[in-house]
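Quick notes on the structure that follows.
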Amino acid sequence: MKVLNFGSLNLDFVYQVDHMVSPGETLASLKMQTFCGGKGLNQSIALAKAGAEVYHAGCIGRDGQLLVEALEKEGVRTDYVKILEEKTGHAIIQVDRSGQNCILLYGGTNRAQTEEYIDQVLAGFDAGDMIVLQNEINLLDYIIDRAYERGMTIVLNPSPFDENLKDCDLNKVSFFLINEVEGSQITGENEPEKILDKLAEIYPDARVVLTLGSEGSVYQEKEYRIRQSIYRVEAVDTTAAGDTFTGYFVASLLEGLDISRCMDLAAKASALSVTRPGASPSIPRRQEVLDWNI
Ligand code: RIB
């Protein structure tokens, strides 16, 4: 069984700020750094650092070679990454003194996928293989339809939630990894329990992990639910905490660990990631997660 992550690749321009800039305000930043990011790239790196073998597909421009190097450095297979004559996607990220962030995206090559390219990539995968998706690339609806036709298991992190998701047939998704806001946007419910009830009603065969910020996370499979608390740490930068959780959860699942263990490792890895700056560089390696005694 092979794992394909078809997702975004971004250059993250990260600005350390005293507070998030307000409308009409001009604010001097305290520091600026460039990191490799994009929800797709972060999740591939989290999967790889957690021990999974993963192929990444997605598009970059000639200015995005750094992103391929970052994937390859962690052992992610980049055979399917395509180089286009456009600018690579990027994110402008403000991180405040409490480690919270605001993210402004420029899609660039992340929004330049064609049906032909998607068909070429998916031709390398078969029934039973897994595809991991987020919502930062164009033609997500097409990818879901074609992957489903091929019999692939579809894992979706519908982040960031936007109108494009309404074009996707979410009945084809086997696994949702969502936060409370996305859960609310999909179901129209606000309370975590009601979000889970509604998801079970609309997508009865899908398994769900709902992350609830400081309230931890809940795994749901039909009427069965498992809860996981967070590990409390001093936050430096929360960017990619969700991506780390997703990558570690999926990798642990692939390894055959039981769900409580998958949730615990994902929560630990995600907590460690917020203790340091940047997106992909903040993702801990498996041994660090296993050795962490908190
Ligand atoms: O989830 C964090 C990521 O969101 C950042 O790396 C940024 O690129 C945006 O895609």
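The way I read the labels, and the way they are meant: chains A, B, ... in the order of the structure tokens, residue 1 as the first residue of every chain, and ligand 1 as the first ligand shown, with later ones counted on from there.
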Determine, using only C-alpha atoms and all ligand atoms, which residues of chain A have any atom at most 6 Å from an atom of ligand 1, and tabulate each with its shortest atom pair and distance in Å to one decimal place, rows ordered by chain and then rising number, as JSON lines.
```
{"residue": "A:Asn10", "atom": "CA", "partner": "ligand 1", "partner_atom_place_in_ligand_line": "8 (O)", "distance": 4.9}
{"residue": "A:Asp12", "atom": "CA", "partner": "ligand 1", "partner_atom_place_in_ligand_line": "8 (O)", "distance": 5.3}
{"residue": "A:Gly37", "atom": "CA", "partner": "ligand 1", "partner_atom_place_in_ligand_line": "6 (O)", "distance": 3.5}
{"residue": "A:Gly38", "atom": "CA", "partner": "ligand 1", "partner_atom_place_in_ligand_line": "8 (O)", "distance": 3.4}
{"residue": "A:Lys39", "atom": "CA", "partner": "ligand 1", "partner_atom_place_in_ligand_line": "10 (O)", "distance": 4.5}
{"residue": "A:Ala91", "atom": "CA", "partner": "ligand 1", "partner_atom_place_in_ligand_line": "8 (O)", "distance": 4.9}
{"residue": "A:Thr239", "atom": "CA", "partner": "ligand 1", "partner_atom_place_in_ligand_line": "2 (C)", "distance": 5.0}
{"residue": "A:Ala240", "atom": "CA", "partner": "ligand 1", "partner_atom_place_in_ligand_line": "2 (C)", "distance": 4.2}
{"residue": "A:Asp243", "atom": "CA", "partner": "ligand 1", "partner_atom_place_in_ligand_line": "1 (O)", "distance": 5.7}
{"residue": "A:Ala279", "atom": "CA", "partner": "ligand 1", "partner_atom_place_in_ligand_line": "6 (O)", "distance": 4.9}
```
Output C-alpha atoms for every residue in the selection just made, as a PDB file, in the first residue's frame.
```
ATOM      1  CA  ASN A  10       4.490  27.234   0.163  1.00  0.00           C
ATOM      2  CA  ASP A  12       6.393  30.843   4.405  1.00  0.00           C
ATOM      3  CA  GLY A  37       5.545  25.295   4.525  1.00  0.00           C
ATOM      4  CA  GLY A  38       2.170  24.760   2.971  1.00  0.00           C
ATOM      5  CA  LYS A  39      -0.290  22.405   4.618  1.00  0.00           C
ATOM      6  CA  ALA A  91       2.200  32.539   2.838  1.00  0.00           C
ATOM      7  CA  THR A 239       1.986  27.304  12.785  1.00  0.00           C
ATOM      8  CA  ALA A 240       1.747  23.691  11.513  1.00  0.00           C
ATOM      9  CA  ASP A 243      -0.432  19.553  10.142  1.00  0.00           C
ATOM     10  CA  ALA A 279       6.151  25.321   9.941  1.00  0.00           C
TER      11      ALA A 279
END
```
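Non-sequential neighbours of segment 45-57 of chain A (distance at most 7 Å, separation of 2 or more positions within a chain, only C-alpha atoms) are Val3, Leu4, Asn5, Phe6, Gly7, Leu41, Asn42, Gln43, Leu71, Glu74, Gly75, Val76, Arg77, Thr78, Tyr80, Val81, Thr244, Gly247, Tyr248, Ala251, Ser280, Ile283, Arg285 and Arg286 of chain A.
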Exercise. Run DSSP on the backbone and give me the residues of segment 54-103 of chain A it puts in helix (DSSP H, G or I), as a VMD selection string.
Key: chain A and resid 62 to 73
#### Entry: Nearest to Leu27 of chain A, chosen from A:Glu201, A:Gln94, A:Leu67, A:Leu165, with only C-alpha atoms counted in the distances
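Nearest to Leu27 of chain A: A:Gln94.
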Next item on the list: Tell me which protein, DNA and RNA residues are within 12 Å of Leu156 of chain A, counting only C-alpha atoms, leaving out same-chain ones fewer than 4 positions away, and put them as a ChimeraX atom specification.
Entry: /A:5-7,39-40,43,130-136,140-141,143-144,160-161,165,168-179,182,206-209,243,246-247,250
How about saving the chosen residues, N, CA and C atoms kept, as a short mmCIF file (atom, residue, chain, number, x, y, z; two decimals), in the first residue's frame?
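The file below, again.cif, is the result:
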```
data_model
loop_
_atom_site.label_atom_id
_atom_site.label_comp_id
_atom_site.auth_asym_id
_atom_site.auth_seq_id
_atom_site.Cartn_x
_atom_site.Cartn_y
_atom_site.Cartn_z
N ASN A 5 0.45 12.11 -0.84
CA ASN A 5 -0.10 13.37 -0.33
C ASN A 5 -0.10 14.35 -1.50
N PHE A 6 -1.30 14.72 -1.97
CA PHE A 6 -1.42 15.65 -3.09
C PHE A 6 -1.74 17.00 -2.47
N GLY A 7 -0.73 17.88 -2.36
CA GLY A 7 -1.03 19.10 -1.60
C GLY A 7 -0.09 20.25 -1.85
N LYS A 39 0.29 23.51 3.84
CA LYS A 39 -0.29 22.40 4.62
C LYS A 39 0.11 21.06 4.01
N GLY A 40 0.20 21.01 2.68
CA GLY A 40 0.58 19.76 2.03
C GLY A 40 1.99 19.36 2.41
N GLN A 43 2.39 18.34 6.03
CA GLN A 43 1.84 17.02 6.37
C GLN A 43 2.70 15.89 5.81
N MET A 130 -3.45 4.98 -0.31
CA MET A 130 -4.09 6.08 0.42
C MET A 130 -3.72 7.42 -0.19
N ILE A 131 -4.68 8.34 -0.23
CA ILE A 131 -4.37 9.71 -0.66
C ILE A 131 -4.74 10.66 0.46
N VAL A 132 -3.82 11.57 0.80
CA VAL A 132 -4.04 12.56 1.85
C VAL A 132 -4.19 13.93 1.17
N LEU A 133 -5.25 14.64 1.54
CA LEU A 133 -5.55 15.92 0.88
C LEU A 133 -5.86 17.02 1.88
N GLN A 134 -5.57 18.26 1.49
CA GLN A 134 -5.99 19.44 2.23
C GLN A 134 -6.71 20.33 1.22
N ASN A 135 -7.03 21.56 1.60
CA ASN A 135 -7.78 22.41 0.66
C ASN A 135 -7.00 23.67 0.26
N GLU A 136 -5.75 23.47 -0.16
CA GLU A 136 -4.97 24.64 -0.60
C GLU A 136 -4.58 24.53 -2.07
N LEU A 140 -9.56 20.22 -6.34
CA LEU A 140 -9.68 19.21 -5.28
C LEU A 140 -10.85 18.26 -5.57
N ASP A 141 -11.95 18.81 -6.10
CA ASP A 141 -13.11 17.96 -6.43
C ASP A 141 -12.73 16.89 -7.46
N ILE A 143 -9.70 15.68 -8.03
CA ILE A 143 -8.77 14.70 -7.43
C ILE A 143 -9.58 13.68 -6.61
N ILE A 144 -10.55 14.16 -5.83
CA ILE A 144 -11.35 13.24 -5.00
C ILE A 144 -12.10 12.26 -5.90
N PRO A 160 -7.66 25.26 4.43
CA PRO A 160 -8.68 26.10 5.04
C PRO A 160 -10.03 25.86 4.39
N PHE A 161 -11.09 25.96 5.19
CA PHE A 161 -12.44 25.72 4.66
C PHE A 161 -12.84 26.89 3.77
N LEU A 165 -14.90 23.72 -1.32
CA LEU A 165 -15.23 22.42 -0.73
C LEU A 165 -16.65 22.00 -1.06
N CYS A 168 -16.93 19.53 -3.77
CA CYS A 168 -16.35 18.19 -3.55
C CYS A 168 -17.41 17.24 -3.02
N ASP A 169 -17.36 15.99 -3.50
CA ASP A 169 -18.28 14.98 -3.00
C ASP A 169 -17.64 14.34 -1.75
N LEU A 170 -18.01 14.88 -0.61
CA LEU A 170 -17.37 14.43 0.63
C LEU A 170 -17.84 13.04 1.06
N ASN A 171 -18.86 12.52 0.39
CA ASN A 171 -19.28 11.13 0.68
C ASN A 171 -18.19 10.13 0.30
N LYS A 172 -17.24 10.60 -0.53
CA LYS A 172 -16.17 9.70 -0.98
C LYS A 172 -14.99 9.66 -0.01
N VAL A 173 -15.08 10.50 1.03
CA VAL A 173 -13.97 10.59 1.99
C VAL A 173 -14.10 9.51 3.06
N SER A 174 -13.00 8.81 3.34
CA SER A 174 -13.03 7.76 4.36
C SER A 174 -12.65 8.30 5.72
N PHE A 175 -11.88 9.37 5.72
CA PHE A 175 -11.32 9.88 6.96
C PHE A 175 -11.26 11.39 6.95
N PHE A 176 -11.91 12.04 7.91
CA PHE A 176 -11.82 13.49 8.04
C PHE A 176 -10.95 13.84 9.24
N LEU A 177 -9.99 14.76 9.03
CA LEU A 177 -9.26 15.33 10.16
C LEU A 177 -9.60 16.81 10.15
N ILE A 178 -10.42 17.25 11.10
CA ILE A 178 -10.94 18.62 11.04
C ILE A 178 -10.84 19.30 12.39
N ASN A 179 -10.82 20.62 12.36
CA ASN A 179 -10.89 21.34 13.63
C ASN A 179 -12.34 21.79 13.86
N GLU A 182 -13.88 24.16 11.16
CA GLU A 182 -14.23 23.45 9.92
C GLU A 182 -15.43 22.52 10.14
N ALA A 206 -17.70 7.34 7.39
CA ALA A 206 -16.40 8.01 7.54
C ALA A 206 -15.93 8.00 8.99
N ARG A 207 -14.64 7.92 9.15
CA ARG A 207 -14.05 8.06 10.47
C ARG A 207 -13.61 9.52 10.62
N VAL A 208 -13.68 10.05 11.83
CA VAL A 208 -13.44 11.48 12.02
C VAL A 208 -12.49 11.70 13.19
N VAL A 209 -11.55 12.63 13.00
CA VAL A 209 -10.82 13.15 14.16
C VAL A 209 -11.15 14.63 14.22
N ASP A 243 -1.05 20.41 11.17
CA ASP A 243 -0.43 19.55 10.14
C ASP A 243 0.38 18.44 10.80
N THR A 246 -2.03 15.84 12.06
CA THR A 246 -2.54 15.02 10.96
C THR A 246 -1.49 13.99 10.51
N GLY A 247 -0.27 14.47 10.27
CA GLY A 247 0.78 13.58 9.77
C GLY A 247 1.07 12.46 10.75
N VAL A 250 -1.98 9.93 10.99
CA VAL A 250 -2.10 9.03 9.83
C VAL A 250 -0.94 8.02 9.80
#
```
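Put simply, atom CA of Leu9 of chain A is 15.3 Å away from atom CA of Asn157 of chain A.
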Picked from segment 122-221 of chain A by DSSP as strand (DSSP E), as a ChimeraX atom specification | /A:130-133,153-156,175-179,207-211,217-221
Atom CA of Leu210 of chain A sits from atom CA of Gly183 of chain A at a separation of 7.4 Å
message: Give me the residues near Arg97 of chain A as a PyMOL selection string, where near means some atom within 8 Å (using only C-alpha atoms) and where sequence neighbours in that chain fewer than 2 positions away do not count.
response: chain A and resi 16-19+95+99-100+236
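In terms of minimum interatomic distance to Gln220 of chain A, A:Ile259 ranks closest within A:Glu189, A:Leu122, A:Ile259, A:Thr238, counting only C-alpha atoms.
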Shortest contact to Ser282 of chain A, candidates A:Lys198, A:Cys36, A:Pro192, A:Gln113, atoms counted only C-alpha atoms, goes to A:Cys36
Option closest in space to Gly128 of chain A, from A:Met1, A:Val274, A:Val155, A:Leu30 [counting only C-alpha atoms]: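 Using only C-alpha atoms, the shortest distance to Gly128 of chain A belongs to A:Met1.
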Judged by only C-alpha atoms, the minimum distance to Tyr231 of chain A among A:Asn101, A:Asn190, A:Ser273, A:Thr34 is found for A:Ser273
